[in-house]
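Engineer: Compact mmCIF, C-alpha atoms, file upload.txt:
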```txt
# COMPACT_ATOMS: atom_id res chain seq x y z
CA MET A 439 12.46 14.08 -5.56
CA ASN A 440 13.78 13.96 -1.98
CA PHE A 441 12.44 13.63 1.55
CA GLU A 442 10.91 17.11 1.41
CA ALA A 443 8.26 15.58 -0.88
CA VAL A 444 7.05 13.33 1.95
CA LYS A 445 4.00 14.74 3.75
CA GLY A 446 2.75 13.73 7.17
CA GLN A 447 5.46 11.17 7.97
CA ASP A 448 8.05 13.27 9.78
CA LYS A 449 8.87 10.56 12.33
CA VAL A 450 9.53 8.00 9.59
CA VAL A 451 11.79 10.42 7.72
CA ARG A 452 13.80 11.15 10.88
CA VAL A 453 14.34 7.44 11.51
CA LEU A 454 15.51 6.81 7.95
CA LEU A 455 17.84 9.82 7.96
CA THR A 456 19.38 8.42 11.15
CA VAL A 457 19.88 5.07 9.42
CA LEU A 458 21.54 6.82 6.48
CA GLU A 459 23.80 8.81 8.79
CA SER A 460 24.90 5.62 10.57
CA ARG A 461 25.95 4.12 7.20
CA LYS A 462 24.65 0.75 8.45
CA ILE A 463 21.82 -0.33 6.18
CA PRO A 464 19.76 -3.27 7.51
CA SER A 465 19.20 -6.07 5.01
CA VAL A 466 15.40 -6.01 5.45
CA PHE A 467 12.92 -3.23 6.23
CA LEU A 468 9.20 -3.58 6.79
CA PHE A 469 7.18 -0.44 6.05
CA SER A 470 3.73 -1.05 7.50
CA GLY A 471 0.64 1.12 7.63
CA PRO A 472 -2.58 1.91 5.77
CA ASP A 473 -2.61 2.08 1.99
CA GLY A 474 -2.06 5.53 0.53
CA VAL A 475 0.03 7.08 3.31
CA GLY A 476 3.37 7.24 1.48
CA LYS A 477 5.07 3.88 2.08
CA LYS A 478 6.09 3.36 -1.55
CA LEU A 479 7.14 6.98 -2.05
CA VAL A 480 9.37 6.90 1.03
CA ALA A 481 10.86 3.55 0.00
CA GLU A 482 11.79 4.91 -3.43
CA ILE A 483 13.34 8.08 -1.98
CA PHE A 484 15.30 6.09 0.61
CA ILE A 485 16.66 3.70 -2.01
CA LYS A 486 17.45 6.58 -4.34
CA THR A 487 19.43 8.17 -1.50
CA VAL A 488 21.39 4.98 -0.78
CA LEU A 489 22.21 4.55 -4.48
CA CYS A 490 23.09 8.26 -4.91
CA GLU A 491 26.73 8.89 -5.83
CA ALA A 492 27.00 12.17 -3.89
CA GLN A 493 29.02 12.18 -0.68
CA ASP A 494 26.58 14.23 1.42
CA LYS A 495 23.22 12.46 1.78
CA LYS A 496 21.97 14.15 4.94
CA GLN A 497 18.87 15.57 3.23
CA GLY A 498 18.33 12.84 0.66
CA PRO A 499 19.51 12.16 -2.91
CA CYS A 500 21.28 14.80 -4.97
CA GLY A 501 18.97 14.24 -7.95
CA ALA A 502 21.72 14.98 -10.47
CA CYS A 503 24.18 12.07 -10.47
CA PRO A 504 23.87 9.20 -13.01
CA SER A 505 22.38 6.93 -10.36
CA CYS A 506 19.67 9.42 -9.31
CA LEU A 507 18.78 10.12 -12.93
CA ALA A 508 18.53 6.38 -13.66
CA VAL A 509 16.17 5.89 -10.70
CA GLU A 510 13.98 8.80 -11.81
CA ARG A 511 13.72 7.31 -15.31
CA GLY A 512 12.93 3.86 -13.89
CA VAL A 513 15.95 2.24 -15.55
CA HIS A 514 18.39 1.75 -12.67
CA PRO A 515 19.75 -1.81 -13.08
CA ASP A 516 20.25 -2.31 -9.33
CA PHE A 517 16.77 -1.24 -8.19
CA LYS A 518 13.69 -3.44 -8.62
CA ILE A 519 10.07 -2.72 -7.70
CA VAL A 520 8.21 -6.01 -7.35
CA ASP A 521 4.49 -5.59 -7.91
CA GLY A 522 1.75 -6.76 -10.24
CA ALA A 523 3.38 -5.09 -13.24
CA TYR A 524 6.75 -6.74 -12.51
CA GLN A 525 5.17 -10.18 -12.23
CA ALA A 526 2.90 -9.67 -15.23
CA ASN A 527 5.94 -8.83 -17.35
CA LEU A 528 7.73 -11.99 -16.21
CA ARG A 529 4.72 -14.20 -16.80
CA GLU A 530 3.57 -12.41 -19.97
CA GLU A 531 0.10 -11.99 -18.48
CA GLU A 532 -2.30 -9.14 -17.82
CA ILE A 533 -1.68 -7.08 -14.68
CA SER A 534 -5.28 -7.69 -13.57
CA LYS A 535 -4.52 -11.41 -13.15
CA GLN A 536 -1.74 -10.84 -10.60
CA ARG A 537 -3.51 -11.42 -7.28
CA THR A 538 -0.60 -12.95 -5.37
CA LEU A 539 3.19 -12.91 -5.67
CA ARG A 540 4.25 -16.30 -7.04
CA VAL A 541 7.28 -18.34 -6.08
CA ASP A 542 8.77 -18.10 -9.59
CA THR A 543 8.67 -14.31 -9.33
CA ILE A 544 10.59 -14.33 -6.06
CA ARG A 545 13.09 -16.86 -7.36
CA HIS A 546 13.73 -14.64 -10.40
CA LEU A 547 14.15 -11.60 -8.15
CA ARG A 548 16.43 -13.56 -5.83
CA SER A 549 18.64 -14.43 -8.78
CA GLU A 550 18.81 -10.78 -9.84
CA MET A 551 19.66 -9.63 -6.33
CA SER A 552 22.46 -12.20 -6.05
CA MET A 553 24.40 -10.61 -8.91
CA GLU A 554 27.03 -7.92 -8.41
CA PRO A 555 25.75 -4.31 -8.66
CA LEU A 556 26.12 -2.98 -12.19
CA MET A 557 26.61 0.62 -11.11
CA GLY A 558 29.10 -0.17 -8.39
CA GLY A 559 26.97 0.54 -5.31
CA TRP A 560 24.11 -1.22 -3.62
CA LYS A 561 21.30 -3.41 -4.92
CA ALA A 562 17.79 -2.87 -3.57
CA ALA A 563 14.28 -4.23 -4.07
CA VAL A 564 10.86 -3.07 -2.94
CA ILE A 565 8.15 -5.71 -2.58
CA VAL A 566 4.75 -4.01 -2.82
CA ASP A 567 1.81 -5.59 -0.94
CA ALA A 568 4.13 -8.11 0.68
CA GLU A 569 1.15 -9.74 2.40
CA THR A 570 0.22 -11.23 -0.99
CA LEU A 571 3.32 -13.46 -0.98
CA GLU A 572 2.27 -17.09 -1.30
CA ILE A 573 3.66 -19.56 1.24
CA GLU A 574 6.24 -20.91 -1.19
CA SER A 575 7.13 -17.35 -2.19
CA SER A 576 7.75 -16.41 1.45
CA ASN A 577 9.99 -19.45 1.87
CA ALA A 578 11.93 -18.53 -1.28
CA LEU A 579 12.38 -14.99 -0.01
CA LEU A 580 13.46 -16.22 3.41
CA LYS A 581 16.35 -18.14 1.88
CA ILE A 582 18.05 -14.98 0.65
CA LEU A 583 17.10 -12.97 3.74
CA GLU A 584 18.84 -15.52 5.95
CA GLU A 585 22.12 -14.99 4.09
CA PRO A 586 21.75 -11.75 2.11
CA PRO A 587 24.41 -10.95 -0.49
CA ARG A 588 26.78 -8.13 0.41
CA LYS A 589 25.43 -4.60 -0.10
CA THR A 590 21.86 -5.63 -0.84
CA PHE A 591 18.71 -4.72 1.03
CA TRP A 592 14.96 -5.25 0.73
CA ILE A 593 11.97 -3.11 1.68
CA LEU A 594 8.67 -4.89 2.21
CA LEU A 595 5.52 -2.75 2.04
CA SER A 596 2.39 -4.02 3.74
CA SER A 597 -0.95 -2.78 5.02
CA ARG A 598 -1.44 -6.15 6.76
CA PRO A 599 1.93 -7.11 8.27
CA GLN A 600 0.23 -9.68 10.51
CA ALA A 601 -0.27 -11.78 7.36
CA LEU A 602 3.49 -12.14 6.87
CA PRO A 603 5.37 -15.15 8.31
CA LYS A 604 7.00 -14.55 11.70
CA THR A 605 10.30 -15.79 10.27
CA ILE A 606 10.35 -12.80 7.91
CA LEU A 607 9.00 -10.32 10.46
CA SER A 608 11.72 -11.24 12.93
CA ARG A 609 14.46 -10.27 10.46
CA ALA A 610 13.05 -6.87 9.47
CA LEU A 611 13.57 -3.38 10.82
CA LYS A 612 9.93 -2.37 11.34
CA ILE A 613 8.89 1.17 10.51
CA SER A 614 5.26 2.14 11.03
CA PHE A 615 3.46 4.73 8.91
CA ALA A 616 0.61 6.61 10.56
CA PRO A 617 -2.57 7.94 8.95
CA ILE A 618 -2.05 11.46 7.63
CA ALA A 619 -3.77 14.40 9.33
CA LYS A 620 -6.79 15.81 7.48
CA LYS A 621 -5.11 19.20 7.05
CA MET A 622 -2.13 17.55 5.40
CA VAL A 623 -4.34 15.42 3.16
CA LYS A 624 -6.06 18.61 1.99
CA GLU A 625 -2.65 20.13 1.22
CA ILE A 626 -1.60 17.07 -0.77
CA LEU A 627 -4.79 17.20 -2.83
CA ALA A 628 -4.46 20.96 -3.28
CA GLU A 629 -0.96 20.51 -4.71
CA LYS A 630 -2.56 18.30 -7.35
CA GLY A 631 -5.26 20.86 -8.05
CA VAL A 632 -7.97 18.85 -6.30
CA GLN A 633 -10.45 20.08 -3.71
CA ALA A 634 -12.65 17.35 -2.24
CA ASP A 635 -13.66 17.83 1.38
CA GLN A 636 -15.85 14.73 1.45
CA ALA A 637 -13.01 12.57 0.18
CA VAL A 638 -10.81 13.93 2.96
CA GLU A 639 -13.47 13.10 5.54
CA LEU A 640 -13.88 9.55 4.24
CA CYS A 641 -10.25 8.66 3.59
CA ALA A 642 -9.22 7.90 7.22
CA GLY A 643 -5.85 9.58 6.78
CA SER A 644 -5.05 7.97 3.43
CA ALA A 645 -4.10 10.61 0.89
CA GLY A 646 -4.02 7.92 -1.80
CA LYS A 647 -7.63 6.95 -1.12
CA ALA A 648 -8.71 10.60 -0.93
CA LEU A 649 -7.16 11.22 -4.33
CA GLU A 650 -8.73 8.06 -5.74
CA PHE A 651 -12.16 9.04 -4.43
CA SER A 652 -11.91 12.61 -5.71
CA MET A 653 -10.74 11.65 -9.19
CA ARG A 654 -13.50 9.13 -9.85
CA GLU A 655 -16.10 10.32 -12.37
CA ASN A 656 -18.82 8.07 -10.99
CA TRP A 657 -18.47 7.49 -7.29
CA PRO A 658 -20.63 4.71 -5.89
CA GLU A 659 -23.45 6.54 -4.13
CA VAL A 660 -22.50 4.68 -0.96
CA LEU A 661 -19.76 7.32 -0.60
CA THR A 662 -22.30 10.12 -0.39
CA GLU A 663 -25.19 11.16 1.82
CA ARG A 664 -27.57 9.20 -0.48
CA PRO A 665 -26.33 5.59 -0.18
CA LEU A 666 -27.39 2.85 -2.54
CA SER A 667 -29.51 -0.04 -1.37
CA ALA A 668 -27.76 -3.37 -0.81
CA ILE A 669 -28.91 -4.85 -4.12
CA GLU A 670 -28.07 -1.67 -6.09
CA ALA A 671 -24.59 -1.55 -4.57
CA ALA A 672 -23.87 -5.16 -5.48
CA GLU A 673 -25.25 -4.75 -9.01
CA SER A 674 -23.18 -1.58 -9.52
CA LEU A 675 -19.94 -3.60 -9.50
CA PRO A 676 -18.14 -4.10 -12.83
CA ARG A 677 -18.55 -7.45 -14.52
CA ASP A 678 -14.87 -8.36 -14.74
CA LEU A 679 -13.61 -9.89 -11.51
CA PRO A 680 -10.43 -7.80 -10.86
CA SER A 681 -12.33 -4.51 -11.29
CA ALA A 682 -15.18 -5.82 -9.14
CA ARG A 683 -12.72 -6.61 -6.35
CA ARG A 684 -11.28 -3.09 -6.47
CA GLU A 685 -14.75 -1.52 -6.40
CA ALA A 686 -15.75 -3.80 -3.53
CA GLU A 687 -12.72 -2.62 -1.51
CA ILE A 688 -13.87 0.98 -1.95
CA ILE A 689 -17.42 0.16 -0.85
CA PHE A 690 -16.19 -1.76 2.21
CA PHE A 691 -13.91 1.11 3.14
CA SER A 692 -16.64 3.70 2.68
CA LEU A 693 -19.22 1.70 4.63
CA SER A 694 -16.77 1.32 7.51
CA GLU A 695 -15.98 5.03 7.59
CA ASN A 696 -19.64 6.04 7.38
CA LEU A 697 -20.42 3.62 10.21
CA ARG A 698 -17.68 5.17 12.32
CA LYS A 699 -18.92 8.70 11.62
CA SER A 700 -22.52 7.73 12.38
CA TYR A 701 -21.49 6.21 15.70
CA LEU A 702 -19.44 9.27 16.68
CA ARG A 703 -22.42 11.49 15.86
CA GLY A 704 -24.70 9.37 18.04
CA LYS A 705 -26.82 8.09 15.15
CA ILE A 706 -26.13 4.39 15.80
CA SER A 707 -25.30 2.46 18.96
CA LEU A 708 -21.87 1.15 19.91
CA ALA A 709 -23.11 -2.46 19.74
CA ASN A 710 -24.50 -1.98 16.23
CA PHE A 711 -21.34 -0.19 15.11
CA GLU A 712 -18.99 -2.89 16.42
CA LYS A 713 -21.00 -5.77 14.95
CA ALA A 714 -21.40 -4.19 11.50
CA ALA A 715 -17.79 -3.00 11.35
CA GLY A 716 -16.51 -6.44 12.35
CA ASP A 717 -18.70 -8.21 9.79
CA ILE A 718 -17.59 -5.82 7.01
CA ALA A 719 -13.92 -6.33 7.91
CA TRP A 720 -14.44 -10.10 7.70
CA LEU A 721 -16.14 -9.77 4.29
CA LYS A 722 -13.31 -7.56 3.02
CA ASN A 723 -10.75 -10.21 3.96
CA ALA A 724 -12.96 -12.88 2.37
CA VAL A 725 -12.90 -11.02 -0.96
CA ARG A 726 -9.13 -10.77 -0.73
CA SER A 727 -9.17 -14.57 -0.32
CA ASN A 728 -11.19 -15.00 -3.56
CA ALA A 729 -14.75 -14.79 -2.22
CA ASP A 730 -17.34 -13.45 -4.67
CA PRO A 731 -17.24 -9.61 -4.45
CA ARG A 732 -20.88 -9.14 -5.49
CA SER A 733 -22.27 -11.41 -2.77
CA SER A 734 -19.85 -9.94 -0.22
CA VAL A 735 -20.89 -6.36 -1.01
CA LEU A 736 -24.54 -7.36 -0.76
CA LEU A 737 -23.96 -8.86 2.70
CA ALA A 738 -21.87 -5.86 3.82
CA CYS A 739 -24.64 -3.45 2.83
CA VAL A 740 -27.22 -5.60 4.61
CA GLU A 741 -25.14 -5.45 7.79
CA ALA A 742 -24.80 -1.67 7.47
CA GLN A 743 -28.55 -1.45 6.96
CA LYS A 744 -29.19 -3.50 10.09
CA ALA A 745 -26.92 -1.13 12.02
CA GLY A 746 -29.00 1.82 10.85
CA LEU A 747 -26.65 3.27 8.22
CA LEU A 748 -28.54 2.53 5.00
CA ARG A 749 -32.19 3.10 4.25
```
What do you get writing this file as structure tokens?

Structural biologist:
Amino acid sequence: MNFEAVKGQDKVVRVLLTVLESRKIPSVFLFSGPDGVGKKLVAEIFIKTVLCEAQDKKQGPCGACPSCLAVERGVHPDFKIVDGAYQANLREEEISKQRTLRVDTIRHLRSEMSMEPLMGGWKAAVIVDAETLEIESSNALLKILEEPPRKTFWILLSSRPQALPKTILSRALKISFAPIAKKMVKEILAEKGVQADQAVELCAGSAGKALEFSMRENWPEVLTERPLSAIEAAESLPRDLPSARREAEIIFFSLSENLRKSYLRGKISLANFEKAAGDIAWLKNAVRSNADPRSSVLLACVEAQKAGLLR
């Protein structure tokens, strides 16, 4: 897989190809933008290109050298993806329990990144959802970013870069990912054999969310023209907490998009739209900070109902 696989992020690809051509790799990147717009895919392709053993990397990795093949199989010793699965493996816990990135995880990663490359090139790490770094984790990461080992670099992925410490932000090359055009989202879904016009309308330029919506067997009715009542929406959440949080995120997202569409169509006033959208955004952040998802969804639906969205 190379940069041709990236859809809707032409500006980002051009910037990264320029970085590759300069042969000066910054020690820290920050890829910021909405979830589901290609941040992780681009990070993996960029790292694969840097690690590639071919001489000409103008269009991306060769895909055939030992390094490229190792990346594709997920076994490259000098490339780490730090996410819930990585931490769960270290802690011998379930992935669903990994809500933040712990300091021990970052210290372990820091130790790995301090070693010499095993395949003779660079060492690289991607930190997924970097905004979930705990304070101690951020401080542990900062220590290695202040004096990075030779030929190592880090890519932080975040949909909420404002949640990251300024000391880390100031050291990163910031690359912003934009929402993907509807036409491109449709093409991405079509390549996967999926046709879901409503998902495209609701996804706000996030191909990942469009795919998630379209592949769900039982969408919450709040995603359709027949929304659930506040109590029904809250009661529809799964009983286990991690799943309930994920479902709540989808309901918040869908309520916000339906509010926006209703305002643009003249069905609700600007004042009602702004108040409800602001309250839902606050509730979404509260759930991310361990608030009860069921109560938060109930309140979000009540606010949408007050604005005129739900019956």

Engineer: If you take all atoms listed in the file and a cut-off of 12 Å, which residues of stretch 645-744 of chain A touch stretch 607-620 of chain A, and what are their nearest atom pairs and distances in Å to one decimal, in chain and number order, as JSON lines?

Structural biologist:
```
{"residue": "A:Ala645", "atom": "CA", "partner": "A:Ile618", "partner_atom": "CA", "distance": 7.1}
{"residue": "A:Gly646", "atom": "CA", "partner": "A:Ile618", "partner_atom": "CA", "distance": 10.3}
{"residue": "A:Lys647", "atom": "CA", "partner": "A:Pro617", "partner_atom": "CA", "distance": 11.3}
{"residue": "A:Ala648", "atom": "CA", "partner": "A:Lys620", "partner_atom": "CA", "distance": 10.1}
```

Engineer: Here is a test: counting only C-alpha atoms, which residue of A:Lys496, A:His514, A:Arg698, A:Lys713 is nearest to A:Lys744?

Structural biologist: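 Of A:Lys496, A:His514, A:Arg698, A:Lys713, the one nearest A:Lys744 is A:Lys713, counting only C-alpha atoms.
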
Engineer: Here is a test: counting all atoms listed in the file, which residue of A:Ala601, A:Leu489, A:Leu697, A:Leu640 is nearest to A:Lys561?

Structural biologist: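 The answer is A:Leu489, which sits nearest to A:Lys561.
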
Engineer: Could you please determine the separation between atom CA of A:Arg511 and atom CA of A:Ala562 in Å, to one decimal place?

Structural biologist: 16.1 Å

Engineer: Which residues, written as a list in words, have at least one atom at most 7 Å from stretch 565-568 of chain A, with only C-alpha atoms counted and residues fewer than 2 positions away on the same chain left out?

Structural biologist: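 Here the answer would be Ile519, Val520, Asp521, Ala563, Thr570, Leu571, Ile593, Leu594, Leu595 and Ser596 of chain A.
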
Engineer: In terms of the shortest atom-to-atom distance over only C-alpha atoms, which of A:Ala682, A:Thr487, A:Ala578, A:Ser465 is closest to A:Gly501?

Structural biologist: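 Of the candidates, the smallest distance to A:Gly501 is held by A:Thr487.
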
Engineer: One decimal, in Å: what's the spacing between atom CA of A:Leu547 and atom CA of A:Lys518?

Structural biologist: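 Atom CA of A:Lys518 lies 8.2 Å from atom CA of A:Leu547.
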
Engineer: Which residue gives the smallest distance to A:Ala729 among A:Gly746, A:Ala686, A:Gly716, A:Arg548, with all atoms listed in the file counted?

Structural biologist: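 Checking each candidate against A:Ala729, we get A:Ala686 as the closest.
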
Engineer: Interatomic distance between atom CA of A:Lys477 and atom CA of A:Ala523?

Structural biologist: 17.8 Å

Engineer: Looking at A:Leu702, A:Met551, A:Leu507, A:Val623, which one is nearest to A:Cys641, with distances taken over only C-alpha atoms?

Structural biologist: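 The closest residue to A:Cys641 is A:Val623.
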
Engineer: Point out the residue among A:Glu585, A:Glu685, A:Glu639, A:Asp542 with the least atom-to-atom distance to A:Tyr524, counting all atoms listed in the file.

Structural biologist: A:Asp542

Engineer: Could the residues of stretch 514-607 of chain A that have an atom at most 10 Å from stretch 455-464 of chain A be listed as JSON lines, each with its closest atom pair and the distance in Å to one decimal, counting all atoms listed in the file and ordered by chain and ascending residue number?

Structural biologist:
```
{"residue": "A:Lys589", "atom": "CA", "partner": "A:Ile463", "partner_atom": "CA", "distance": 8.4}
{"residue": "A:Thr590", "atom": "CA", "partner": "A:Ile463", "partner_atom": "CA", "distance": 8.8}
{"residue": "A:Phe591", "atom": "CA", "partner": "A:Pro464", "partner_atom": "CA", "distance": 6.7}
{"residue": "A:Trp592", "atom": "CA", "partner": "A:Pro464", "partner_atom": "CA", "distance": 8.5}
{"residue": "A:Ile593", "atom": "CA", "partner": "A:Pro464", "partner_atom": "CA", "distance": 9.7}
```

Engineer: With only C-alpha atoms counted and 12 Å as the cut-off, give the residues of stretch 480-525 of chain A in contact with stretch 444-454 of chain A, each with its shortest interatomic distance in Å and the pair that gives it, as JSON lines.

Structural biologist:
```
{"residue": "A:Val480", "atom": "CA", "partner": "A:Val444", "partner_atom": "CA", "distance": 6.9}
{"residue": "A:Ala481", "atom": "CA", "partner": "A:Leu454", "partner_atom": "CA", "distance": 9.8}
{"residue": "A:Glu482", "atom": "CA", "partner": "A:Val444", "partner_atom": "CA", "distance": 11.1}
{"residue": "A:Ile483", "atom": "CA", "partner": "A:Val444", "partner_atom": "CA", "distance": 9.1}
{"residue": "A:Phe484", "atom": "CA", "partner": "A:Leu454", "partner_atom": "CA", "distance": 7.4}
{"residue": "A:Ile485", "atom": "CA", "partner": "A:Leu454", "partner_atom": "CA", "distance": 10.5}
{"residue": "A:Thr487", "atom": "CA", "partner": "A:Leu454", "partner_atom": "CA", "distance": 10.3}
{"residue": "A:Val488", "atom": "CA", "partner": "A:Leu454", "partner_atom": "CA", "distance": 10.7}
{"residue": "A:Lys495", "atom": "CA", "partner": "A:Leu454", "partner_atom": "CA", "distance": 11.4}
{"residue": "A:Lys496", "atom": "CA", "partner": "A:Leu454", "partner_atom": "CA", "distance": 10.2}
{"residue": "A:Gln497", "atom": "CA", "partner": "A:Val451", "partner_atom": "CA", "distance": 9.8}
{"residue": "A:Gly498", "atom": "CA", "partner": "A:Leu454", "partner_atom": "CA", "distance": 9.9}
```

Engineer: Please, could you write that set of residues out with C-alpha atoms as an mmCIF file, in the coordinates of the input?

Structural biologist:
```cif
data_model
loop_
_atom_site.group_PDB
_atom_site.id
_atom_site.type_symbol
_atom_site.label_atom_id
_atom_site.label_comp_id
_atom_site.auth_asym_id
_atom_site.auth_seq_id
_atom_site.Cartn_x
_atom_site.Cartn_y
_atom_site.Cartn_z
ATOM 1 C CA VAL A 480 9.370 6.900 1.030
ATOM 2 C CA ALA A 481 10.860 3.550 0.000
ATOM 3 C CA GLU A 482 11.790 4.910 -3.430
ATOM 4 C CA ILE A 483 13.340 8.080 -1.980
ATOM 5 C CA PHE A 484 15.300 6.090 0.610
ATOM 6 C CA ILE A 485 16.660 3.700 -2.010
ATOM 7 C CA THR A 487 19.430 8.170 -1.500
ATOM 8 C CA VAL A 488 21.390 4.980 -0.780
ATOM 9 C CA LYS A 495 23.220 12.460 1.780
ATOM 10 C CA LYS A 496 21.970 14.150 4.940
ATOM 11 C CA GLN A 497 18.870 15.570 3.230
ATOM 12 C CA GLY A 498 18.330 12.840 0.660
#
```

Engineer: Counting only C-alpha atoms, what is within 9 Å of A:Leu693, bar same-chain residues fewer than 5 positions away, as a compact mmCIF listing (two decimals) with C-alpha atoms, keeping the file's coordinate frame?

Structural biologist:
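Final file, selection_16.txt:
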```txt
# COMPACT_ATOMS: atom_id res chain seq x y z
CA VAL A 660 -22.50 4.68 -0.96
CA LEU A 661 -19.76 7.32 -0.60
CA ILE A 688 -13.87 0.98 -1.95
CA ARG A 698 -17.68 5.17 12.32
CA ALA A 715 -17.79 -3.00 11.35
CA ILE A 718 -17.59 -5.82 7.01
CA ALA A 738 -21.87 -5.86 3.82
CA CYS A 739 -24.64 -3.45 2.83
CA ALA A 742 -24.80 -1.67 7.47
CA LEU A 747 -26.65 3.27 8.22
```
